[in-house]
>>> print(open('target-v4.pdb').read())   # PDB, C-alpha atoms
ATOM      1  CA  MET L   1     -53.520 158.755 -14.982
ATOM      2  CA  GLU L   2     -53.887 155.233 -13.626
ATOM      3  CA  THR L   3     -57.292 154.143 -12.326
ATOM      4  CA  LYS L   4     -57.924 154.987  -8.665
ATOM      5  CA  THR L   5     -60.421 152.920  -6.682
ATOM      6  CA  TYR L   6     -62.361 153.954  -3.572
ATOM      7  CA  LYS L   7     -64.288 151.304  -1.626
ATOM      8  CA  PHE L   8     -67.603 152.198   0.006
ATOM      9  CA  ALA L   9     -70.353 150.245   1.748
ATOM     10  CA  SER L  10     -72.445 149.792  -1.415
ATOM     11  CA  GLY L  11     -69.710 149.399  -4.028
ATOM     12  CA  LEU L  12     -66.598 150.807  -5.687
ATOM     13  CA  ILE L  13     -65.894 154.241  -7.147
ATOM     14  CA  GLU L  14     -63.374 154.098 -10.011
ATOM     15  CA  VAL L  15     -61.680 157.262 -11.282
ATOM     16  CA  THR L  16     -59.773 157.441 -14.578
ATOM     17  CA  SER L  17     -58.254 160.441 -16.345
ATOM     18  CA  ASP L  18     -61.620 161.459 -17.822
ATOM     19  CA  ARG L  19     -64.402 159.444 -16.116
ATOM     20  CA  ILE L  20     -65.788 158.621 -12.678
ATOM     21  CA  SER L  21     -67.764 155.373 -12.354
ATOM     22  CA  PHE L  22     -69.590 153.429  -9.646
ATOM     23  CA  ARG L  23     -69.882 149.633  -9.563
ATOM     24  CA  SER L  24     -72.505 148.376  -7.121
ATOM     25  CA  THR L  25     -72.040 145.371  -4.843
ATOM     26  CA  ILE L  26     -75.709 145.339  -3.764
ATOM     27  CA  LYS L  27     -78.713 144.440  -5.920
ATOM     28  CA  ASP L  28     -80.890 147.414  -4.902
ATOM     29  CA  LEU L  29     -78.703 149.862  -6.867
ATOM     30  CA  LYS L  30     -78.033 150.188 -10.580
ATOM     31  CA  GLN L  31     -75.017 147.944 -11.175
ATOM     32  CA  PHE L  32     -72.953 150.458 -13.165
ATOM     33  CA  GLN L  33     -73.143 154.260 -13.216
ATOM     34  CA  SER L  34     -70.690 156.576 -14.959
ATOM     35  CA  MET L  35     -70.101 160.170 -16.087
ATOM     36  CA  GLU L  36     -67.314 162.345 -17.448
ATOM     37  CA  ARG L  37     -65.291 164.073 -14.746
ATOM     38  CA  PHE L  38     -65.860 167.329 -16.618
ATOM     39  CA  ASN L  39     -69.621 166.940 -15.910
ATOM     40  CA  MET L  40     -69.197 166.321 -12.171
ATOM     41  CA  GLY L  41     -71.217 168.798 -10.140
ATOM     42  CA  HIS L  42     -71.897 169.239  -6.446
ATOM     43  CA  ILE L  43     -72.041 166.177  -4.178
ATOM     44  CA  ASN L  44     -75.113 165.943  -1.918
ATOM     45  CA  SER L  45     -75.524 163.695   1.106
ATOM     46  CA  GLU L  46     -78.565 162.789   3.156
ATOM     47  CA  GLN L  47     -78.963 160.466   6.112
ATOM     48  CA  TYR L  48     -80.252 157.060   5.159
ATOM     49  CA  THR L  49     -81.390 153.900   6.925
ATOM     50  CA  TYR L  50     -80.694 150.746   4.958
ATOM     51  CA  LEU L  51     -82.039 147.225   5.500
ATOM     52  CA  GLY L  52     -79.988 144.840   3.390
ATOM     53  CA  ILE L  53     -82.479 141.953   3.538
ATOM     54  CA  MET L  54     -86.167 141.524   2.704
ATOM     55  CA  PRO L  55     -88.436 141.397   5.803
ATOM     56  CA  ILE L  56     -89.849 137.995   4.839
ATOM     57  CA  GLN L  57     -86.303 136.561   4.603
ATOM     58  CA  LEU L  58     -85.468 138.033   7.988
ATOM     59  CA  ALA L  59     -88.690 136.532   9.416
ATOM     60  CA  LEU L  60     -87.867 133.042   8.147
ATOM     61  CA  ARG L  61     -84.313 133.254   9.488
ATOM     62  CA  SER L  62     -85.630 134.447  12.847
ATOM     63  CA  ILE L  63     -88.068 131.506  13.042
ATOM     64  CA  LEU L  64     -85.313 129.035  12.112
ATOM     65  CA  PHE L  65     -82.944 130.575  14.673
ATOM     66  CA  GLY L  66     -85.694 130.372  17.316
ATOM     67  CA  VAL L  67     -86.372 126.696  16.578
ATOM     68  CA  ILE L  68     -82.632 125.880  16.854
ATOM     69  CA  LEU L  69     -82.423 127.724  20.185
ATOM     70  CA  ALA L  70     -85.533 125.927  21.442
ATOM     71  CA  ILE L  71     -84.038 122.513  20.542
ATOM     72  CA  ILE L  72     -80.776 123.414  22.313
ATOM     73  CA  ALA L  73     -82.783 124.630  25.338
ATOM     74  CA  ILE L  74     -84.756 121.357  25.536
ATOM     75  CA  ALA L  75     -81.678 119.173  25.017
ATOM     76  CA  GLY L  76     -79.508 121.059  27.501
ATOM     77  CA  ASN L  77     -82.273 122.209  29.855
ATOM     78  CA  ILE L  78     -81.121 125.831  29.480
ATOM     79  CA  GLN L  79     -83.965 128.158  30.410
ATOM     80  CA  ILE L  80     -82.506 131.342  28.887
ATOM     81  CA  PHE L  81     -82.175 129.661  25.485
ATOM     82  CA  SER L  82     -85.840 128.616  25.542
ATOM     83  CA  LEU L  83     -86.862 132.227  26.302
ATOM     84  CA  MET L  84     -84.643 133.538  23.480
ATOM     85  CA  GLY L  85     -85.926 130.858  21.094
ATOM     86  CA  VAL L  86     -89.592 131.640  21.784
ATOM     87  CA  SER L  87     -88.896 135.398  21.384
ATOM     88  CA  ALA L  88     -87.177 134.811  18.011
ATOM     89  CA  ILE L  89     -90.047 132.606  16.788
ATOM     90  CA  VAL L  90     -92.703 135.141  17.868
ATOM     91  CA  PHE L  91     -90.768 138.007  16.224
ATOM     92  CA  GLY L  92     -90.388 135.993  13.019
ATOM     93  CA  LEU L  93     -94.091 135.110  12.906
ATOM     94  CA  VAL L  94     -95.137 138.727  13.509
ATOM     95  CA  VAL L  95     -92.857 140.043  10.754
ATOM     96  CA  PHE L  96     -93.862 137.235   8.379
ATOM     97  CA  ASN L  97     -97.580 137.968   8.780
ATOM     98  CA  LEU L  98     -97.083 141.736   8.615
ATOM     99  CA  ASP L  99     -95.061 141.473   5.408
ATOM    100  CA  LEU L 100     -97.206 138.831   3.739
ATOM    101  CA  TRP L 101    -100.720 139.937   4.658
ATOM    102  CA  ILE L 102    -100.749 143.570   5.815
ATOM    103  CA  ASP L 103     -97.972 145.004   3.626
ATOM    104  CA  GLY L 104     -98.780 142.680   0.722
ATOM    105  CA  PHE L 105    -102.472 143.612   0.524
ATOM    106  CA  LEU L 106    -102.485 147.192   1.776
ATOM    107  CA  GLY L 107     -99.132 148.340   0.382
ATOM    108  CA  THR L 108     -97.923 149.562   3.780
ATOM    109  CA  LYS L 109     -94.406 149.071   5.119
ATOM    110  CA  PHE L 110     -95.055 147.982   8.714
ATOM    111  CA  GLY L 111     -92.953 144.825   8.374
ATOM    112  CA  TYR L 112     -90.067 146.737   6.818
ATOM    113  CA  ARG L 113     -90.209 149.453   9.504
ATOM    114  CA  LEU L 114     -90.234 146.898  12.312
ATOM    115  CA  CYS L 115     -87.192 145.110  10.853
ATOM    116  CA  ALA L 116     -85.439 148.399  10.131
ATOM    117  CA  TYR L 117     -85.929 149.537  13.746
ATOM    118  CA  PHE L 118     -83.963 146.531  15.043
ATOM    119  CA  PHE L 119     -81.630 145.582  12.204
ATOM    120  CA  ALA L 120     -81.116 148.436   9.712
ATOM    121  CA  GLY L 121     -77.714 150.019   9.236
ATOM    122  CA  LYS L 122     -77.402 153.779   9.279
ATOM    123  CA  GLY L 123     -75.407 155.696   6.702
ATOM    124  CA  HIS L 124     -75.643 158.342   4.009
ATOM    125  CA  LYS L 125     -77.054 158.418   0.502
ATOM    126  CA  ILE L 126     -74.513 160.177  -1.763
ATOM    127  CA  THR L 127     -75.502 161.830  -5.046
ATOM    128  CA  ILE L 128     -72.851 163.082  -7.486
ATOM    129  CA  GLN L 129     -74.766 165.523  -9.675
ATOM    130  CA  ASN L 130     -74.312 165.470 -13.441
ATOM    131  CA  ASN L 131     -74.038 169.056 -14.746
ATOM    132  CA  SER L 132     -74.795 167.985 -18.323
ATOM    133  CA  GLY L 133     -78.303 166.839 -17.383
ATOM    134  CA  GLY L 134     -77.461 163.123 -17.586
ATOM    135  CA  GLU L 135     -78.008 160.573 -14.847
ATOM    136  CA  HIS L 136     -76.509 161.315 -11.442
ATOM    137  CA  ILE L 137     -74.331 158.749  -9.670
ATOM    138  CA  VAL L 138     -76.108 157.529  -6.522
ATOM    139  CA  PHE L 139     -74.610 155.214  -3.904
ATOM    140  CA  TYR L 140     -74.569 154.600  -0.144
ATOM    141  CA  VAL L 141     -71.787 154.956   2.408
ATOM    142  CA  SER L 142     -71.482 154.093   6.082
ATOM    143  CA  LEU L 143     -71.325 156.853   8.679
ATOM    144  CA  ASP L 144     -67.518 156.764   8.912
ATOM    145  CA  GLN L 145     -67.115 156.984   5.099
ATOM    146  CA  LEU L 146     -68.963 160.293   4.665
ATOM    147  CA  ASN L 147     -65.876 162.552   4.662
ATOM    148  CA  GLU L 148     -64.084 160.372   2.104
ATOM    149  CA  ALA L 149     -67.161 160.408  -0.159
ATOM    150  CA  MET L 150     -67.490 164.201   0.041
ATOM    151  CA  LYS L 151     -63.818 164.595  -0.988
ATOM    152  CA  LEU L 152     -64.687 163.046  -4.373
ATOM    153  CA  GLU L 153     -65.958 166.475  -5.408
ATOM    154  CA  GLN L 154     -62.324 167.591  -5.716
ATOM    155  CA  LEU L 155     -61.886 165.093  -8.573
ATOM    156  CA  GLY L 156     -64.088 167.096 -10.941
ATOM    157  CA  ILE L 157     -62.361 168.670 -13.949
ATOM    158  CA  LYS L 158     -63.211 172.355 -14.313
ATOM    159  CA  GLU L 159     -62.332 172.731 -18.006
ATOM    160  CA  ARG L 160     -62.782 170.181 -20.751
ATOM    161  CA  PRO L 161     -59.390 169.278 -22.265
ATOM    162  CA  VAL L 162     -59.028 170.698 -25.774
ATOM    163  CA  ALA L 163     -58.100 168.077 -28.347
ATOM    164  CA  GLN L 164     -55.194 169.411 -30.332
ATOM    165  CA  THR L 165     -55.340 168.964 -34.064
ATOM    166  CA  ILE L 166     -52.116 167.534 -35.404
ATOM    167  CA  PRO L 167     -51.913 167.971 -39.159
ATOM    168  CA  GLN L 168     -50.936 164.907 -41.154
ATOM    169  CA  SER L 169     -47.708 165.025 -43.158
ATOM    170  CA  ASN L 170     -49.486 165.418 -46.521
ATOM    171  CA  ASN L 171     -51.494 168.313 -45.038
ATOM    172  CA  ILE L 172     -48.253 170.022 -43.982
ATOM    173  CA  ASP L 173     -47.113 170.028 -47.630
ATOM    174  CA  ASP L 174     -50.465 171.481 -48.692
ATOM    175  CA  LEU L 175     -50.222 174.143 -45.968
ATOM    176  CA  GLU L 176     -46.803 175.165 -47.245
ATOM    177  CA  LYS L 177     -48.154 175.387 -50.802
ATOM    178  CA  ILE L 178     -51.116 177.597 -49.913
ATOM    179  CA  SER L 179     -48.849 179.745 -47.716
ATOM    180  CA  GLU L 180     -46.569 180.263 -50.712
ATOM    181  CA  LEU L 181     -49.544 181.152 -52.939
ATOM    182  CA  TYR L 182     -50.776 183.605 -50.294
ATOM    183  CA  ARG L 183     -47.342 185.254 -50.044
ATOM    184  CA  LYS L 184     -47.229 185.640 -53.833
ATOM    185  CA  GLY L 185     -50.661 187.278 -53.777
ATOM    186  CA  ILE L 186     -52.343 184.523 -55.781
ATOM    187  CA  LEU L 187     -54.703 183.726 -52.877
ATOM    188  CA  THR L 188     -56.588 186.380 -50.950
ATOM    189  CA  GLU L 189     -56.492 186.345 -47.147
ATOM    190  CA  GLU L 190     -60.056 185.002 -47.032
ATOM    191  CA  GLU L 191     -59.258 182.168 -49.457
ATOM    192  CA  PHE L 192     -56.068 181.337 -47.558
ATOM    193  CA  THR L 193     -57.944 181.201 -44.212
ATOM    194  CA  GLN L 194     -60.663 179.006 -45.705
ATOM    195  CA  LYS L 195     -58.171 176.545 -47.224
ATOM    196  CA  LYS L 196     -56.178 176.408 -43.989
ATOM    197  CA  ARG L 197     -59.334 175.580 -41.997
ATOM    198  CA  GLN L 198     -60.199 172.788 -44.425
ATOM    199  CA  LEU L 199     -56.740 171.243 -44.121
ATOM    200  CA  LEU L 200     -56.747 171.420 -40.316
ATOM    201  CA  ASN L 201     -60.353 170.131 -40.079
ATOM    202  CA  LEU L 202     -61.389 173.196 -38.041
TER     203      LEU L 202
END
>>> encode(input="target-v4.pdb", output="C-alpha cells")
Amino acid sequence: METKTYKFASGLIEVTSDRISFRSTIKDLKQFQSMERFNMGHINSEQYTYLGIMPIQLALRSILFGVILAIIAIAGNIQIFSLMGVSAIVFGLVVFNLDLWIDGFLGTKFGYRLCAYFFAGKGHKITIQNNSGGEHIVFYVSLDQLNEAMKLEQLGIKERPVAQTIPQSNNIDDLEKISELYRKGILTEEEFTQKKRQLLNL
C-alpha cells in the first residue's frame, strides 16, 4: 500500500500499510506521533478554541498596527483611521499589561481569554486512541474537517497480519529427512513434532 496523506489544520496524517502517523505543523503539539494501525481504537472529538499566537505577541502587533494607523491618520487627516489606531493601541496595552503583570504573577489567563474572545479559531481536538496502552495521537482540525477526521477510524486493522514462516532450502531437506524417519518408525510422533517445530522456528 502506498502512503496516503491527509491534510488538517494542525498537520498531516500519513497512513502506510501498517502504521498511522501525525506530523505537526504547529509548535504547541508533539512534532511526530505514530502507532500501528492494528492498535487504532475509537476516535474522540471535542470542541476546541485555539489561539495560534502568544497574547504578548498579539499585544505588540496591535500596538504597532495602531501606531501605523495613527501616523496615516495624521498624515492624511483621516479621522476614522485615528479612532482605529487609538483603539488598537489601547487594546494592545491592555493585553500587554494583563499578560505581563496579572497573568505572569498570578498565573491567571485573563490576557489569553481576552485575545481568544476576539481572535481564536474554533475547531475540534481529535484523539485517536491507542488500544495497546501506548500514546494516543492528538491533533486539531477546523470545523469543516471534522467528518474527514472521524473517517480515519475506518483505517484501523482489526486483525494483526500473521507473518508466514517460509522454511529455508536446507530446512526443507531436513524436514524431508525427519519425515522419512517418522514414516519408518525410527522417530516417535512426539519427537517428529518437536524436530519439525525447531526447523520451522515455531
>>> resolve_selection(input="target-v4.pdb", expression="the PyMOL selection byres ((chain L and resi 114) around 12)", output="list in words")
Leu51, Met54, Pro55, Ile56, Leu58, Ala59, Phe91, Gly92, Val94, Val95, Phe96, Leu98, Asp99, Asp103, Thr108, Lys109, Phe110, Gly111, Tyr112, Arg113, Cys115, Ala116, Tyr117, Phe118, Phe119 and Ala120 of chain L
>>> resolve_selection(input="target-v4.pdb", expression="the PyMOL selection byres ((chain L and resi 68) around 12)", output="JSON, numbers by chain")
{"L": [61, 62, 63, 64, 65, 66, 67, 69, 70, 71, 72, 73, 74, 75, 81, 82, 84, 85, 86, 88, 89]}
>>> closest_residue(input="target-v4.pdb", among="L:Val138, L:Ile186, L:Leu143, L:Ile102", to="Met35 (chain L)", atoms="all atoms listed in the file")
L:Val138
>>> atom_distance(input="target-v4.pdb", atom1="CA of His42 (chain L)", atom2="CA of Ile137 (chain L)")
11.2 Å
>>> residues_near_point(input="target-v4.pdb", point="(-74.3, 150.6, -3.1)", cutoff="7 Å", atoms="only C-alpha atoms", output="JSON, numbers by chain")
{"L": [9, 10, 11, 24, 25, 26, 29, 139, 140]}
>>> residues_around(input="target-v4.pdb", residues="Asn147 (chain L)", least_positions_apart="6", cutoff="12 Å", atoms="all atoms listed in the file", output="list in words")
Phe8, Ile43, Asn44, Ser45, Gly123, His124, Ile126, Val141 and Glu153 of chain L
>>> resolve_selection(input="target-v4.pdb", expression="the PyMOL selection byres ((chain L and resi 132) around 12)", output="JSON, numbers by chain")
{"L": [35, 36, 37, 38, 39, 40, 41, 129, 130, 131, 133, 134, 135, 136]}
>>> closest_residue(input="target-v4.pdb", among="L:Gln47, L:Thr5, L:Ser87, L:Gln33", to="Leu146 (chain L)", atoms="all atoms listed in the file")
L:Gln47
>>> atom_distance(input="target-v4.pdb", atom1="CA of Phe32 (chain L)", atom2="CA of Val15 (chain L)")
13.3 Å
>>> closest_residue(input="target-v4.pdb", among="L:Phe192, L:Leu60, L:Glu46, L:Lys151", to="Asn97 (chain L)", atoms="all atoms listed in the file")
L:Leu60
>>> atom_distance(input="target-v4.pdb", atom1="CA of Arg183 (chain L)", atom2="CA of Lys195 (chain L)")
14.2 Å
>>> closest_residue(input="target-v4.pdb", among="L:Leu83, L:Glu176, L:Glu159, L:Lys122", to="Gln145 (chain L)", atoms="all atoms listed in the file")
L:Lys122
>>> decode(input="target-v4.pdb", residues="region 87-118 of chain L", atoms="N, CA, C and O atoms", output="short mmCIF file (atom, residue, chain, number, x, y, z; two decimals), in the first residue's frame")
data_model
loop_
_atom_site.label_atom_id
_atom_site.label_comp_id
_atom_site.auth_asym_id
_atom_site.auth_seq_id
_atom_site.Cartn_x
_atom_site.Cartn_y
_atom_site.Cartn_z
N SER L 87 -7.75 52.80 19.21
CA SER L 87 -8.38 51.57 19.74
C SER L 87 -7.39 50.41 19.74
O SER L 87 -7.32 49.65 20.71
N ALA L 88 -6.61 50.26 18.65
CA ALA L 88 -5.64 49.18 18.56
C ALA L 88 -4.53 49.35 19.60
O ALA L 88 -4.11 48.37 20.23
N ILE L 89 -4.09 50.59 19.82
CA ILE L 89 -3.04 50.84 20.81
C ILE L 89 -3.55 50.53 22.22
O ILE L 89 -2.87 49.87 23.02
N VAL L 90 -4.78 50.99 22.53
CA VAL L 90 -5.35 50.74 23.86
C VAL L 90 -5.52 49.23 24.09
O VAL L 90 -5.16 48.71 25.15
N PHE L 91 -6.04 48.51 23.07
CA PHE L 91 -6.22 47.07 23.19
C PHE L 91 -4.87 46.39 23.43
O PHE L 91 -4.73 45.52 24.30
N GLY L 92 -3.86 46.79 22.66
CA GLY L 92 -2.53 46.20 22.81
C GLY L 92 -1.94 46.44 24.19
O GLY L 92 -1.36 45.53 24.80
N LEU L 93 -2.11 47.66 24.72
CA LEU L 93 -1.58 47.98 26.04
C LEU L 93 -2.30 47.19 27.15
O LEU L 93 -1.66 46.71 28.09
N VAL L 94 -3.62 47.06 27.00
CA VAL L 94 -4.39 46.28 27.99
C VAL L 94 -3.92 44.83 28.00
O VAL L 94 -3.65 44.25 29.05
N VAL L 95 -3.84 44.22 26.82
CA VAL L 95 -3.42 42.82 26.74
C VAL L 95 -1.99 42.65 27.23
O VAL L 95 -1.68 41.70 27.96
N PHE L 96 -1.12 43.57 26.85
CA PHE L 96 0.29 43.50 27.27
C PHE L 96 0.41 43.50 28.79
O PHE L 96 1.11 42.67 29.37
N ASN L 97 -0.30 44.44 29.45
CA ASN L 97 -0.23 44.53 30.90
C ASN L 97 -0.91 43.35 31.59
O ASN L 97 -0.42 42.87 32.62
N LEU L 98 -2.02 42.89 31.03
CA LEU L 98 -2.68 41.71 31.59
C LEU L 98 -1.75 40.50 31.54
O LEU L 98 -1.59 39.79 32.52
N ASP L 99 -1.14 40.28 30.37
CA ASP L 99 -0.30 39.10 30.19
C ASP L 99 0.99 39.20 31.01
O ASP L 99 1.42 38.21 31.61
N LEU L 100 1.58 40.37 31.04
CA LEU L 100 2.87 40.52 31.71
C LEU L 100 2.73 40.56 33.23
O LEU L 100 3.45 39.86 33.94
N TRP L 101 1.79 41.35 33.73
CA TRP L 101 1.70 41.57 35.17
C TRP L 101 0.68 40.66 35.87
O TRP L 101 1.02 39.97 36.83
N ILE L 102 -0.55 40.65 35.39
CA ILE L 102 -1.59 39.88 36.07
C ILE L 102 -1.39 38.38 35.86
O ILE L 102 -1.25 37.61 36.80
N ASP L 103 -1.33 37.96 34.57
CA ASP L 103 -1.16 36.53 34.28
C ASP L 103 0.22 36.04 34.72
O ASP L 103 0.36 34.93 35.21
N GLY L 104 1.24 36.87 34.53
CA GLY L 104 2.60 36.48 34.87
C GLY L 104 2.79 36.24 36.36
O GLY L 104 3.47 35.29 36.77
N PHE L 105 2.19 37.10 37.20
CA PHE L 105 2.39 36.97 38.65
C PHE L 105 1.35 36.08 39.31
O PHE L 105 1.66 35.35 40.25
N LEU L 106 0.12 36.13 38.83
CA LEU L 106 -0.94 35.37 39.50
C LEU L 106 -1.24 34.03 38.83
O LEU L 106 -1.97 33.22 39.38
N GLY L 107 -0.70 33.82 37.63
CA GLY L 107 -0.94 32.55 36.94
C GLY L 107 -2.33 32.43 36.33
O GLY L 107 -2.77 31.34 36.00
N THR L 108 -3.01 33.55 36.19
CA THR L 108 -4.35 33.54 35.56
C THR L 108 -4.19 33.55 34.05
O THR L 108 -3.07 33.60 33.54
N LYS L 109 -5.31 33.54 33.34
CA LYS L 109 -5.26 33.55 31.88
C LYS L 109 -6.18 34.63 31.31
O LYS L 109 -6.81 34.44 30.28
N PHE L 110 -6.24 35.79 31.98
CA PHE L 110 -7.11 36.86 31.52
C PHE L 110 -6.69 37.38 30.15
O PHE L 110 -7.52 37.63 29.28
N GLY L 111 -5.39 37.57 29.96
CA GLY L 111 -4.89 38.06 28.67
C GLY L 111 -5.19 37.09 27.55
O GLY L 111 -5.64 37.49 26.46
N TYR L 112 -4.97 35.81 27.82
CA TYR L 112 -5.25 34.77 26.81
C TYR L 112 -6.74 34.75 26.46
O TYR L 112 -7.11 34.68 25.30
N ARG L 113 -7.59 34.80 27.50
CA ARG L 113 -9.04 34.74 27.27
C ARG L 113 -9.53 35.94 26.47
O ARG L 113 -10.40 35.81 25.61
N LEU L 114 -8.98 37.11 26.77
CA LEU L 114 -9.38 38.31 26.03
C LEU L 114 -8.99 38.20 24.56
O LEU L 114 -9.79 38.49 23.66
N CYS L 115 -7.77 37.73 24.30
CA CYS L 115 -7.32 37.54 22.91
C CYS L 115 -8.13 36.45 22.21
O CYS L 115 -8.50 36.58 21.05
N ALA L 116 -8.39 35.36 22.95
CA ALA L 116 -9.14 34.25 22.37
C ALA L 116 -10.55 34.67 21.99
O ALA L 116 -11.10 34.22 20.98
N TYR L 117 -11.16 35.55 22.79
CA TYR L 117 -12.53 36.01 22.52
C TYR L 117 -12.61 36.69 21.16
O TYR L 117 -13.56 36.52 20.41
N PHE L 118 -11.57 37.46 20.81
CA PHE L 118 -11.59 38.22 19.55
C PHE L 118 -10.91 37.49 18.39
O PHE L 118 -11.31 37.65 17.24
#
